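> Structure file query.cif (mmCIF, C-alpha atoms and all ligand atoms) right here:
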data_query
loop_
_atom_site.label_atom_id
_atom_site.label_comp_id
_atom_site.auth_asym_id
_atom_site.auth_seq_id
_atom_site.Cartn_x
_atom_site.Cartn_y
_atom_site.Cartn_z
CA MET A 159 120.89 91.43 98.95
CA ALA A 160 124.05 92.61 100.52
CA TRP A 161 126.35 89.63 100.55
CA LEU A 162 127.52 90.43 104.01
CA PRO A 163 129.41 87.60 105.58
CA SER A 164 129.40 86.11 109.00
CA ILE A 165 126.35 85.72 111.10
CA LEU A 166 127.55 84.18 114.34
CA ILE A 167 124.93 81.89 115.70
CA ARG A 168 122.67 83.71 118.07
CA PRO A 169 118.93 83.88 118.66
CA GLN A 170 117.17 85.41 115.72
CA SER A 171 115.41 88.68 116.02
CA GLY A 172 113.43 87.79 112.91
CA ALA A 173 113.62 91.25 111.38
CA LEU A 174 110.70 92.09 109.16
CA ILE A 175 111.23 94.90 106.69
CA VAL A 176 108.07 96.02 105.01
CA LEU A 177 107.74 98.13 101.89
CA GLY A 178 104.14 98.85 102.77
CA THR A 179 101.42 97.64 105.06
CA SER A 180 99.86 94.23 104.69
CA ALA A 181 98.69 91.12 106.40
CA LEU A 182 102.08 89.43 106.31
CA GLY A 183 102.61 90.44 109.91
CA GLY A 184 100.21 87.66 110.86
CA ALA A 185 102.25 85.02 109.08
CA ALA A 186 105.47 86.45 110.46
CA TYR A 187 104.01 86.47 113.96
CA ARG A 188 103.14 82.80 113.71
CA PHE A 189 106.78 82.12 112.89
CA LEU A 190 108.26 84.48 115.42
CA SER A 191 106.32 83.28 118.41
CA THR A 192 108.21 80.53 120.21
CA PRO A 193 107.40 77.16 118.67
CA ASP A 194 105.84 74.48 120.82
CA ASP A 195 107.27 70.96 120.76
CA SER A 196 105.08 69.84 117.90
CA GLU A 197 106.42 72.65 115.70
CA SER A 198 110.06 72.48 116.71
CA SER A 199 110.92 70.10 113.86
CA SER A 200 109.41 72.54 111.34
CA LEU A 201 111.35 75.43 109.91
CA ASN A 202 111.32 78.14 112.57
CA PRO A 203 113.42 81.23 113.34
CA HIS A 204 114.42 80.11 116.84
CA THR A 205 116.14 76.77 116.39
CA PHE A 206 118.11 75.06 113.67
CA VAL A 207 116.23 72.04 112.36
CA PRO A 208 117.67 69.14 110.36
CA TYR A 209 117.10 68.82 106.64
CA THR A 210 118.40 66.10 104.33
CA LEU A 211 120.32 67.09 101.23
CA ILE A 212 118.24 65.27 98.61
CA SER A 213 120.15 66.38 95.54
CA LYS A 214 122.81 68.69 94.27
CA GLN A 215 122.57 69.97 90.70
CA GLN A 216 125.65 71.71 89.43
CA ILE A 217 124.61 74.56 87.18
CA SER A 218 128.07 75.97 86.51
CA PRO A 219 131.59 75.38 87.84
CA THR A 220 130.84 77.85 90.66
CA SER A 221 127.13 77.43 91.44
CA SER A 222 124.82 74.58 92.34
CA ILE A 223 121.22 74.12 93.39
CA PHE A 224 120.83 72.19 96.65
CA THR A 225 117.47 70.53 97.26
CA LEU A 226 116.69 69.97 100.92
CA ARG A 227 113.85 68.12 102.61
CA ASN A 228 112.78 68.54 106.20
CA ARG A 229 113.56 65.37 108.17
CA GLU A 230 110.03 65.27 109.57
CA GLY A 231 108.51 66.09 106.20
CA SER A 232 107.04 69.26 107.66
CA SER A 233 109.02 72.13 106.25
CA ASN A 234 106.03 74.05 105.03
CA SER A 235 103.01 75.42 106.77
CA GLN A 236 100.19 77.79 105.98
CA ALA A 237 102.32 80.64 107.34
CA LEU A 238 105.16 79.75 104.98
CA LYS A 239 102.70 79.69 102.11
CA ASP A 240 101.68 83.26 103.03
CA ILE A 241 105.31 84.31 103.10
CA TRP A 242 105.93 82.81 99.64
CA LYS A 243 103.03 84.85 98.29
CA GLN A 244 104.27 88.27 99.24
CA SER A 245 107.83 88.47 100.35
CA VAL A 246 111.49 88.03 99.72
CA TRP A 247 112.81 85.73 102.40
CA SER A 248 115.87 83.76 103.38
CA VAL A 249 116.97 80.94 105.65
CA GLN A 250 120.17 80.60 107.62
CA LEU A 251 122.35 77.58 107.00
CA LYS A 252 124.69 76.40 109.73
CA GLN A 253 128.29 75.30 109.39
CA PRO A 254 128.38 73.05 112.49
CA GLN A 255 132.14 72.80 113.06
CA LEU A 256 132.66 76.57 113.05
CA GLN A 257 129.23 77.35 114.53
CA ILE A 258 128.59 80.07 111.96
CA ALA A 259 125.62 80.56 109.68
CA ARG A 260 124.95 82.38 106.42
CA ALA A 261 121.74 83.48 104.76
CA TYR A 262 120.46 81.90 101.53
CA THR A 263 117.35 82.68 99.50
CA PRO A 264 115.15 79.67 98.63
CA LEU A 265 114.22 79.38 94.98
CA PRO A 266 110.47 79.18 94.39
CA PRO A 267 109.15 75.70 93.62
CA PRO A 268 109.56 74.94 89.91
CA VAL A 269 106.42 75.68 87.93
CA GLY A 270 104.31 72.51 87.95
CA ALA A 271 106.15 70.86 90.87
CA PRO A 272 104.05 68.59 93.10
CA GLU A 273 102.47 70.55 95.90
CA ASP A 274 101.72 69.62 99.47
CA GLU A 275 98.38 70.15 101.15
CA HIS A 276 99.17 73.83 101.61
CA GLY A 277 99.80 74.36 97.94
CA GLU A 278 103.57 74.70 98.00
CA ALA A 279 106.27 72.22 97.10
CA GLN A 280 107.61 70.27 100.08
CA GLU A 281 111.28 70.89 99.45
CA LEU A 282 113.50 73.91 99.76
CA ARG A 283 115.99 74.67 97.00
CA LEU A 284 119.00 76.91 97.48
CA LEU A 285 121.12 78.37 94.70
CA VAL A 286 124.57 78.73 96.23
CA ARG A 287 127.64 80.22 94.64
CA LYS A 288 130.91 78.74 95.88
CA GLU A 289 132.96 81.67 97.19
CA GLU A 290 136.69 81.10 97.01
CA GLY A 291 137.80 80.71 100.62
CA GLY A 292 134.18 81.11 101.77
CA GLU A 293 133.43 79.07 104.87
CA VAL A 294 129.78 78.11 104.49
CA SER A 295 129.41 78.08 100.71
CA THR A 296 132.47 75.80 100.40
CA TYR A 297 131.14 73.61 103.20
CA ILE A 298 127.80 72.96 101.50
CA HIS A 299 129.42 72.39 98.10
CA LYS A 300 131.55 69.61 99.62
CA LEU A 301 128.67 67.74 101.27
CA PRO A 302 127.54 64.47 99.68
CA GLU A 303 123.87 63.77 99.02
CA GLN A 304 121.92 62.47 102.03
CA SER A 305 123.96 64.67 104.36
CA THR A 306 122.19 66.52 107.14
CA ILE A 307 121.99 70.30 106.86
CA GLU A 308 120.59 72.54 109.55
CA LEU A 309 118.38 75.50 108.68
CA ARG A 310 116.71 78.27 110.64
CA GLY A 311 114.17 80.74 109.35
CA PRO A 312 112.34 82.16 107.55
CA ASN A 313 113.70 85.69 107.71
CA VAL A 314 111.59 88.11 105.73
CA GLU A 315 113.98 90.49 103.97
CA CYS A 316 111.28 92.62 102.41
CA GLU A 317 107.65 92.41 101.64
CA VAL A 318 106.02 92.88 98.26
CA PRO A 319 102.72 94.45 99.31
CA HIS A 320 99.53 93.68 97.45
CA ASN A 321 99.36 97.06 95.76
CA VAL A 322 102.70 96.50 94.02
CA ARG A 323 101.90 95.84 90.40
CA GLU A 324 105.16 96.66 88.67
CA VAL A 325 108.70 95.61 89.55
CA LEU A 326 111.99 96.37 87.85
CA PHE A 327 114.56 93.99 89.31
CA LEU A 328 118.31 94.53 88.94
CA ALA A 329 119.98 91.22 89.81
CA GLY A 330 123.66 90.37 90.00
CA GLY A 331 124.66 86.66 90.05
CA THR A 332 122.72 84.71 92.69
CA GLY A 333 120.65 87.87 93.21
CA ILE A 334 118.40 86.11 90.69
CA ALA A 335 117.04 83.95 93.55
CA PRO A 336 115.09 86.83 95.20
CA ALA A 337 114.04 88.00 91.73
CA MET A 338 112.46 84.57 91.18
CA GLN A 339 110.78 84.80 94.58
CA VAL A 340 109.23 88.12 93.52
CA ALA A 341 108.11 86.69 90.16
CA HIS A 342 106.51 83.81 92.08
CA ALA A 343 104.80 86.25 94.48
CA LEU A 344 103.44 88.40 91.65
CA ASN A 345 102.02 85.36 89.95
CA GLY A 346 98.27 85.56 90.25
CA ARG A 347 98.16 89.33 90.71
CA PRO A 348 96.17 90.40 87.68
CA GLY A 349 97.99 92.86 85.46
CA ALA A 350 101.24 92.74 87.41
CA ARG A 351 104.37 93.42 85.38
CA MET A 352 107.97 92.54 86.11
CA HIS A 353 111.18 93.11 84.20
CA ILE A 354 114.45 91.52 85.30
CA LEU A 355 117.88 92.76 84.28
CA TRP A 356 120.22 89.90 85.23
CA ALA A 357 123.99 90.33 85.14
CA ASN A 358 126.43 87.43 85.39
CA ARG A 359 130.17 87.25 85.16
CA ARG A 360 130.10 84.32 82.77
CA ARG A 361 127.65 82.82 80.28
CA GLU A 362 127.90 79.44 82.02
CA ASP A 363 125.63 80.82 84.78
CA CYS A 364 122.84 81.67 82.30
CA VAL A 365 123.35 79.33 79.34
CA GLY A 366 120.67 79.77 76.67
CA GLY A 367 119.29 82.98 78.17
CA ARG A 368 117.87 85.15 75.41
CA ASN A 369 116.73 88.69 75.87
CA ASP A 370 113.03 89.40 75.66
CA SER A 371 113.76 92.99 74.94
CA LEU A 372 114.56 93.94 71.33
CA GLN A 373 117.41 96.16 72.29
CA THR A 374 120.31 95.77 74.68
CA PRO A 375 123.71 97.42 74.86
CA VAL A 376 126.79 95.84 73.37
CA SER A 377 129.18 98.48 74.52
CA GLY A 378 132.38 97.18 76.05
CA ARG A 379 132.32 100.02 78.57
CA ARG A 380 130.32 99.73 81.69
CA TRP A 381 129.20 103.32 81.56
CA GLY A 382 129.93 106.55 79.75
CA TRP A 383 128.98 110.10 80.62
CA ARG A 384 125.79 109.88 78.57
CA SER A 385 124.72 106.61 80.11
CA MET A 386 125.72 107.86 83.58
CA LEU A 387 122.99 110.45 83.14
CA GLY A 388 120.59 107.93 81.70
CA LEU A 389 120.84 109.64 78.31
CA GLY A 390 122.49 106.93 76.30
CA GLU A 391 120.17 105.00 74.02
CA PRO A 392 120.66 101.25 73.95
CA VAL A 393 121.76 99.98 70.58
CA PRO A 394 120.43 96.84 68.86
CA ALA A 395 121.77 93.72 70.47
CA GLU A 396 124.08 91.26 68.91
CA ASN A 397 122.75 87.86 69.68
CA THR A 398 125.05 86.90 72.48
CA ALA A 399 123.22 83.73 73.47
CA PRO A 400 124.35 80.42 72.01
CA PRO A 401 122.39 79.47 68.89
CA ALA A 402 121.21 76.03 70.01
CA GLU A 403 118.57 76.11 72.69
CA LYS A 404 120.47 74.32 75.40
CA GLN A 405 119.26 76.12 78.48
CA GLY A 406 120.64 76.16 82.01
CA ILE A 407 118.33 75.23 84.86
CA ILE A 408 117.75 78.79 86.06
CA VAL A 409 117.09 80.01 82.51
CA LYS A 410 114.59 77.18 82.03
CA GLU A 411 112.84 78.10 85.27
CA LEU A 412 112.72 81.76 84.27
CA GLU A 413 111.14 80.70 80.96
CA ALA A 414 108.55 78.63 82.86
CA LEU A 415 107.79 81.61 85.13
CA LYS A 416 107.34 83.75 82.01
CA HIS A 417 104.84 81.31 80.51
CA GLN A 418 103.01 81.11 83.80
CA SER A 419 102.85 84.90 84.05
CA GLN A 420 101.38 85.14 80.55
CA ALA A 421 98.67 82.69 81.58
CA HIS A 422 97.76 85.12 84.36
CA ASN A 423 97.72 88.21 82.14
CA GLN A 424 100.93 89.52 83.58
CA GLY A 425 104.17 90.26 81.90
CA LEU A 426 107.48 88.89 83.04
CA SER A 427 110.48 89.66 80.86
CA VAL A 428 114.19 89.08 81.34
CA GLU A 429 117.31 90.64 79.87
CA TYR A 430 120.65 88.88 80.29
CA PHE A 431 124.04 90.56 80.61
CA VAL A 432 127.36 88.74 80.71
CA ASP A 433 130.58 90.48 81.79
CA ASP A 434 132.75 88.11 79.74
CA GLU A 435 130.77 89.06 76.63
CA LYS A 436 131.27 92.75 77.42
CA SER A 437 127.59 93.18 77.98
CA PHE A 438 126.75 95.15 81.12
CA ILE A 439 123.55 96.56 82.57
CA GLU A 440 123.73 100.25 81.71
CA PRO A 441 121.72 103.19 83.01
CA ALA A 442 120.17 103.44 79.53
CA ASN A 443 118.59 99.99 80.04
CA VAL A 444 116.94 101.21 83.22
CA ALA A 445 115.93 104.55 81.66
CA ARG A 446 114.40 102.77 78.71
CA HIS A 447 112.34 100.51 80.92
CA LEU A 448 111.07 103.45 82.98
CA LYS A 449 110.07 105.22 79.76
CA ILE A 450 108.23 102.18 78.38
CA SER A 451 106.43 101.74 81.70
CA THR A 452 105.25 105.37 81.65
CA GLN A 453 104.05 104.96 78.06
CA LYS A 454 102.08 101.84 79.00
CA ASP A 455 100.27 103.71 81.74
CA ALA A 456 97.89 106.00 79.88
CA THR A 457 96.85 107.62 83.14
CA PRO A 458 99.05 108.10 86.20
CA PRO A 459 99.17 104.69 87.89
CA LYS A 460 97.34 104.02 91.12
CA ARG A 461 99.54 101.01 91.59
CA SER A 462 102.89 101.02 93.21
CA LYS A 463 106.10 100.62 91.22
CA VAL A 464 109.26 99.27 92.79
CA ILE A 465 112.87 98.92 91.71
CA LEU A 466 114.62 96.13 93.63
CA VAL A 467 118.40 95.73 93.57
CA SER A 468 120.02 92.48 94.66
CA GLY A 469 123.50 91.04 94.31
CA PRO A 470 127.03 91.45 95.63
CA ASP A 471 127.72 94.52 97.78
CA GLY A 472 129.53 96.32 94.96
CA PHE A 473 126.58 95.78 92.62
CA ILE A 474 124.10 97.25 95.11
CA GLU A 475 126.40 100.14 95.91
CA TYR A 476 126.96 100.97 92.25
CA TRP A 477 123.23 101.11 91.49
CA ALA A 478 121.63 102.33 94.70
CA GLY A 479 124.30 103.24 97.25
CA ARG A 480 125.46 101.41 100.33
CA LYS A 481 123.25 99.83 102.90
CA VAL A 482 124.07 100.98 106.41
CA TRP A 483 124.09 99.48 109.88
CA VAL A 484 121.75 101.08 112.42
CA ALA A 485 121.53 99.75 115.97
CA GLY A 486 123.00 96.40 114.96
CA ARG A 487 120.70 95.96 111.99
CA GLU A 488 121.24 96.48 108.32
CA ALA A 489 119.14 99.34 107.00
CA GLN A 490 118.49 100.83 103.58
CA GLY A 491 120.55 104.01 103.94
CA PRO A 492 120.05 106.92 101.54
CA LEU A 493 119.52 106.31 97.84
CA GLY A 494 122.88 106.68 96.10
CA GLY A 495 124.63 105.30 93.04
CA ILE A 496 123.37 105.53 89.50
CA LEU A 497 119.68 105.34 90.42
CA SER A 498 119.99 108.51 92.52
CA GLN A 499 120.95 110.38 89.34
CA MET A 500 117.95 109.22 87.36
CA ASP A 501 114.41 110.51 87.14
CA LEU A 502 112.57 107.90 89.19
CA ARG A 503 109.28 109.69 89.66
CA GLY A 504 106.66 107.18 90.77
CA TRP A 505 109.21 104.46 91.61
CA GLN A 506 110.41 103.34 95.03
CA VAL A 507 113.87 101.77 95.31
CA TYR A 508 114.65 98.94 97.70
CA LYS A 509 118.07 97.37 98.26
CA LEU A 510 118.06 93.67 99.11
C1 LIG B 601 119.68 87.93 102.97
C2 LIG B 601 120.80 87.22 102.22
C3 LIG B 601 120.48 86.25 101.27
C4 LIG B 601 121.51 85.59 100.58
N1 LIG B 601 121.17 84.66 99.62
C5 LIG B 601 122.16 84.02 98.95
C6 LIG B 601 121.84 83.02 97.95
O1 LIG B 601 120.66 82.71 97.67
N2 LIG B 601 122.87 82.40 97.32
C7 LIG B 601 124.19 82.70 97.61
O2 LIG B 601 125.09 82.07 97.00
N3 LIG B 601 124.52 83.63 98.54
C8 LIG B 601 123.55 84.27 99.23
N4 LIG B 601 123.87 85.19 100.20
C9 LIG B 601 125.30 85.35 100.56
C10 LIG B 601 125.67 84.29 101.63
O3 LIG B 601 124.95 84.56 102.82
C11 LIG B 601 127.15 84.29 102.01
O4 LIG B 601 127.54 85.60 102.32
C12 LIG B 601 128.05 83.72 100.90
O5 LIG B 601 127.65 82.40 100.56
C13 LIG B 601 129.50 83.71 101.37
O6 LIG B 601 129.57 83.02 102.59
P1 LIG B 601 130.81 82.08 102.94
O7 LIG B 601 130.68 81.66 104.36
O8 LIG B 601 130.99 81.01 101.94
O9 LIG B 601 132.01 83.08 102.75
P2 LIG B 601 132.81 83.89 103.89
O10 LIG B 601 133.59 82.97 104.74
O11 LIG B 601 131.86 84.81 104.56
O12 LIG B 601 133.79 84.72 102.96
C14 LIG B 601 133.29 85.61 101.96
C15 LIG B 601 134.48 86.08 101.13
O13 LIG B 601 135.33 86.83 101.96
C16 LIG B 601 136.63 86.26 101.93
N5 LIG B 601 137.17 86.33 103.30
C17 LIG B 601 136.67 85.70 104.38
N6 LIG B 601 137.41 86.01 105.46
C18 LIG B 601 138.38 86.85 105.04
C19 LIG B 601 139.45 87.52 105.66
N7 LIG B 601 139.71 87.39 106.98
N8 LIG B 601 140.25 88.31 104.91
C20 LIG B 601 140.02 88.45 103.59
N9 LIG B 601 139.02 87.84 102.94
C21 LIG B 601 138.22 87.05 103.65
C22 LIG B 601 136.48 84.84 101.48
O14 LIG B 601 137.62 84.35 100.81
C23 LIG B 601 135.30 84.95 100.54
O15 LIG B 601 135.69 85.30 99.24
C24 LIG B 601 122.86 85.88 100.87
C25 LIG B 601 123.17 86.86 101.83
C26 LIG B 601 122.16 87.52 102.50
C27 LIG B 601 122.53 88.55 103.53
#
Would it be possible to restate this file's structure as structure tokens?
Ligand SMILES: Cc1cc2nc3c(=O)[nH]c(=O)nc-3n(C[C@H](O)[C@H](O)[C@H](O)COP(=O)(O)OP(=O)(O)OC[C@H]3O[C@@H](n4cnc5c(N)ncnc54)[C@H](O)[C@@H]3O)c2cc1C


Amino acid sequence: MAWLPSILIRPQSGALIVLGTSALGGAAYRFLSTPDDSESSSLNPHTFVPYTLISKQQISPTSSIFTLRNREGSSNSQALKDIWKQSVWSVQLKQPQLQIARAYTPLPPPVGAPEDEHGEAQELRLLVRKEEGGEVSTYIHKLPEQSTIELRGPNVECEVPHNVREVLFLAGGTGIAPAMQVAHALNGRPGARMHILWANRRREDCVGGRNDSLQTPVSGRRWGWRSMLGLGEPVPAENTAPPAEKQGIIVKELEALKHQSQAHNQGLSVEYFVDDEKSFIEPANVARHLKISTQKDATPPKRSKVILVSGPDGFIEYWAGRKVWVAGREAQGPLGGILSQMDLRGWQVYKL
């Protein structure tokens, strides 16, 4: 997810980027066609509709989860349910005084949350990091509960087609939100595997997060020449997580997603990295995962394997190269960064 600022308010083109072919086009079409009056109070890509800020949960000094409910109680539809099942998607949130909007990625409903008649929770939850001097993120952080917030969407950022059975997700900061969407989408796909490498600046954003993997790097350097080439072997981890099991909200929800994935014969695992603890995602972590994945597949896999990269611009650029603008739209651009120097046979890379 390139954290590109400033979307001036204009009619949405509703871009749909697809990693492969699937039936999501149908769901997207239902959203993209102009809503009639009865639908105009539901989330749609053409008009901003009012939501009420039900609650604000601070998860660290810089980030909070905002829970929003559609004023008419109709935020979800069958089409939205389809989108939840197979895509990474965002909504635009309007700052009314400045008439600007920014994109945010709804968190999946917490495991076990009450569901509406379409099988999805009725509320939308946004994990928003307060950017210093940021117009929209500061605006929402200042709003009291019960305020009105206007949303437009959904915008499908990328699709996770049905043949995708393995995902390696490199997430920086709030890039964990799309990672959780993918974990939610893979839920129920028998045999699907997902591994998340999640980097944060500070532990406060991932309190209580413990690595599933036995080994992680403890090097104070972000990369060395061996790791640049994917040659460095990770060394046994020091236990960087706090000893008592106080867990932050996002960590708890990742744990719940893990349990849910085990119940469906899948594997979801998470490794945590914290800049302040001198623990950084290194090429060796990626190389190791690719190696383990190959070992698990006794025969060459028929299923598709995808590496997704999401986070601040610098994070995406470092791992996969810059995204580019083509004809007024953001496009993938060539694969660059560290991943371009690694042996990725069998894996597709997608920058969010
Ligand atoms: C598809 C997508 C999904 C996203 N999902 C999420 C999400 O789930 N959670 C999340 O927190 N974010 C998400 N983002 C990022 C989000 O859209 C915003 O970019 C982010 O919240 C910052 O917006 P802002 O209006 O607060 O900051 P802006 O006003 O855009 O400012 C951004 C930064 O630039 C600086 N700046 C602004 N103007 C200037 C200037 N003239 N000179 C120098 N510096 C300047 C500001 O101080 C600030 O640090 C997503 C982005 C995309 C594209």

> Please compute the atom CA of A:Asn345-atom CA of A:Arg323 distance, one decimal, in Å.

10.5 Å

> Select, from A:Thr263, A:Asn202, A:Gln490, A:Thr210, the residue with the minimum atom-to-atom distance to A:Ala237, counting all atoms listed in the file.

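Of A:Thr263, A:Asn202, A:Gln490, A:Thr210, the one nearest A:Ala237, counting all atoms listed in the file, is A:Asn202.
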
> When you draw a straight line from atom C6 of ligand LIG 601 (chain B) to atom CA of A:Tyr297, how long is it in Å?

14.2 Å

> Show me a table, sorted first by chain and then by increasing residue number, of the residues of chain A having an atom at most 8 Å from ligand LIG 601 (chain B), each with its shortest atom pair and the distance in Å to one decimal, counting only C-alpha atoms and all ligand atoms and written as a tab-separated table.


residue	atom	partner	partner_atom	distance
A:Met159	CA	B:LIG601	C2	5.3
A:Ala160	CA	B:LIG601	C27	5.3
A:Trp161	CA	B:LIG601	C9	4.4
A:Leu162	CA	B:LIG601	O4	5.1
A:Pro163	CA	B:LIG601	O11	3.9
A:Ser164	CA	B:LIG601	O11	5.2
A:Ser221	CA	B:LIG601	O2	7.5
A:Trp247	CA	B:LIG601	C1	7.2
A:Ser248	CA	B:LIG601	C3	5.6
A:Val249	CA	B:LIG601	C3	7.7
A:Gln250	CA	B:LIG601	O3	7.8
A:Ala259	CA	B:LIG601	O7	7.4
A:Arg260	CA	B:LIG601	O3	4.2
A:Ala261	CA	B:LIG601	O3	3.9
A:Tyr262	CA	B:LIG601	N1	3.4
A:Thr263	CA	B:LIG601	O1	3.8
A:Pro264	CA	B:LIG601	O1	6.4
A:Leu265	CA	B:LIG601	O1	7.7
A:Leu284	CA	B:LIG601	O1	6.0
A:Leu285	CA	B:LIG601	N2	5.1
A:Val286	CA	B:LIG601	O2	3.5
A:Arg287	CA	B:LIG601	O2	3.9
A:Lys288	CA	B:LIG601	O8	6.5
A:Glu289	CA	B:LIG601	O15	5.0
A:Glu290	CA	B:LIG601	O15	4.9
A:Gly291	CA	B:LIG601	O14	3.6
A:Gly292	CA	B:LIG601	O9	3.1
A:Glu293	CA	B:LIG601	O7	3.8
A:Val294	CA	B:LIG601	O7	3.7
A:Ser295	CA	B:LIG601	O8	3.5
A:Thr296	CA	B:LIG601	O8	5.6
A:Tyr297	CA	B:LIG601	O8	7.5
A:Asn313	CA	B:LIG601	C1	8.0
A:Glu315	CA	B:LIG601	C1	6.3
A:Thr332	CA	B:LIG601	N2	5.2
A:Gly333	CA	B:LIG601	O1	6.8
A:Ala335	CA	B:LIG601	O1	5.6
A:Pro336	CA	B:LIG601	O1	7.4
A:Leu510	CA	B:LIG601	C1	7.1

> If I take atom CA of A:Glu435 and atom CA of A:Ser419, how far is one from the other in Å, to one decimal?

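Separation of atom CA of A:Glu435 and atom CA of A:Ser419: 29.2 Å.
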
> Would you please work out which residue, of A:His353, A:Arg446, A:Arg368, A:Arg310, is nearest to A:Asn228 when using all atoms listed in the file?

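Counting all atoms listed in the file, the residue closest to A:Asn228 is A:Arg310.
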
> List the spatial neighbours of stretch 361-363 of chain A as a PyMOL selection string - criterion: any atom at most 12 Å away, only C-alpha atoms, same-chain residues fewer than 5 positions off excluded.

chain A and resi 216-223+285-287+330-332+334+356+368+398-400+404-410+430-437

> A:Ala329, A:Ile465, A:Ile258, A:Val340: which is nearest A:Lys243, counting all atoms listed in the file?

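Between A:Ala329, A:Ile465, A:Ile258, A:Val340, the residue approaching A:Lys243 most closely is A:Val340.
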
> Out of A:Ser245, A:Gln255, A:Thr452, A:Ser213, which residue has the shortest atom-to-atom distance to A:Leu282 when counting only C-alpha atoms?

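Looking at the shortest contact to A:Leu282, the residue is A:Ser213.
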
> Tell me which of A:Gln339, A:Ser427, A:Gln304, A:Gln453 sits closest to A:Arg229, counting only C-alpha atoms.

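Looking only at the distances to A:Arg229, the closest residue turns out to be A:Gln304.
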
> Kindly complete stretch 488-499 of chain A to N, CA, C and O atoms; the output should be written as an mmCIF file, keeping the file's coordinate frame.


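Ended up saving to selection.cif:
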data_model
loop_
_atom_site.group_PDB
_atom_site.id
_atom_site.type_symbol
_atom_site.label_atom_id
_atom_site.label_comp_id
_atom_site.auth_asym_id
_atom_site.auth_seq_id
_atom_site.Cartn_x
_atom_site.Cartn_y
_atom_site.Cartn_z
ATOM 1 N N GLU A 488 120.972 95.876 109.618
ATOM 2 C CA GLU A 488 121.240 96.480 108.320
ATOM 3 C C GLU A 488 120.018 97.258 107.871
ATOM 4 O O GLU A 488 118.896 96.753 107.934
ATOM 5 N N ALA A 489 120.257 98.501 107.441
ATOM 6 C CA ALA A 489 119.140 99.340 107.000
ATOM 7 C C ALA A 489 119.411 99.845 105.584
ATOM 8 O O ALA A 489 120.523 99.709 105.068
ATOM 9 N N GLN A 490 118.397 100.422 104.984
ATOM 10 C CA GLN A 490 118.490 100.830 103.580
ATOM 11 C C GLN A 490 119.545 101.911 103.315
ATOM 12 O O GLN A 490 120.232 101.873 102.319
ATOM 13 N N GLY A 491 119.643 102.889 104.209
ATOM 14 C CA GLY A 491 120.550 104.010 103.940
ATOM 15 C C GLY A 491 119.986 104.863 102.819
ATOM 16 O O GLY A 491 118.994 104.489 102.171
ATOM 17 N N PRO A 492 120.595 106.032 102.577
ATOM 18 C CA PRO A 492 120.050 106.920 101.540
ATOM 19 C C PRO A 492 120.238 106.319 100.143
ATOM 20 O O PRO A 492 121.132 105.500 99.927
ATOM 21 N N LEU A 493 119.366 106.750 99.234
ATOM 22 C CA LEU A 493 119.520 106.310 97.840
ATOM 23 C C LEU A 493 120.778 106.965 97.276
ATOM 24 O O LEU A 493 120.957 108.179 97.362
ATOM 25 N N GLY A 494 121.662 106.157 96.712
ATOM 26 C CA GLY A 494 122.880 106.680 96.100
ATOM 27 C C GLY A 494 123.062 106.012 94.750
ATOM 28 O O GLY A 494 122.107 105.507 94.159
ATOM 29 N N GLY A 495 124.305 105.991 94.288
ATOM 30 C CA GLY A 495 124.630 105.300 93.040
ATOM 31 C C GLY A 495 123.917 105.875 91.829
ATOM 32 O O GLY A 495 123.383 106.976 91.850
ATOM 33 N N ILE A 496 123.921 105.084 90.783
ATOM 34 C CA ILE A 496 123.370 105.530 89.500
ATOM 35 C C ILE A 496 121.880 105.886 89.615
ATOM 36 O O ILE A 496 121.423 106.869 89.047
ATOM 37 N N LEU A 497 121.118 105.091 90.364
ATOM 38 C CA LEU A 497 119.680 105.340 90.420
ATOM 39 C C LEU A 497 119.372 106.714 91.007
ATOM 40 O O LEU A 497 118.372 107.341 90.647
ATOM 41 N N SER A 498 120.251 107.201 91.895
ATOM 42 C CA SER A 498 119.990 108.510 92.520
ATOM 43 C C SER A 498 120.132 109.636 91.502
ATOM 44 O O SER A 498 119.687 110.752 91.746
ATOM 45 N N GLN A 499 120.766 109.337 90.362
ATOM 46 C CA GLN A 499 120.950 110.380 89.340
ATOM 47 C C GLN A 499 119.872 110.315 88.258
ATOM 48 O O GLN A 499 119.925 111.059 87.288
#
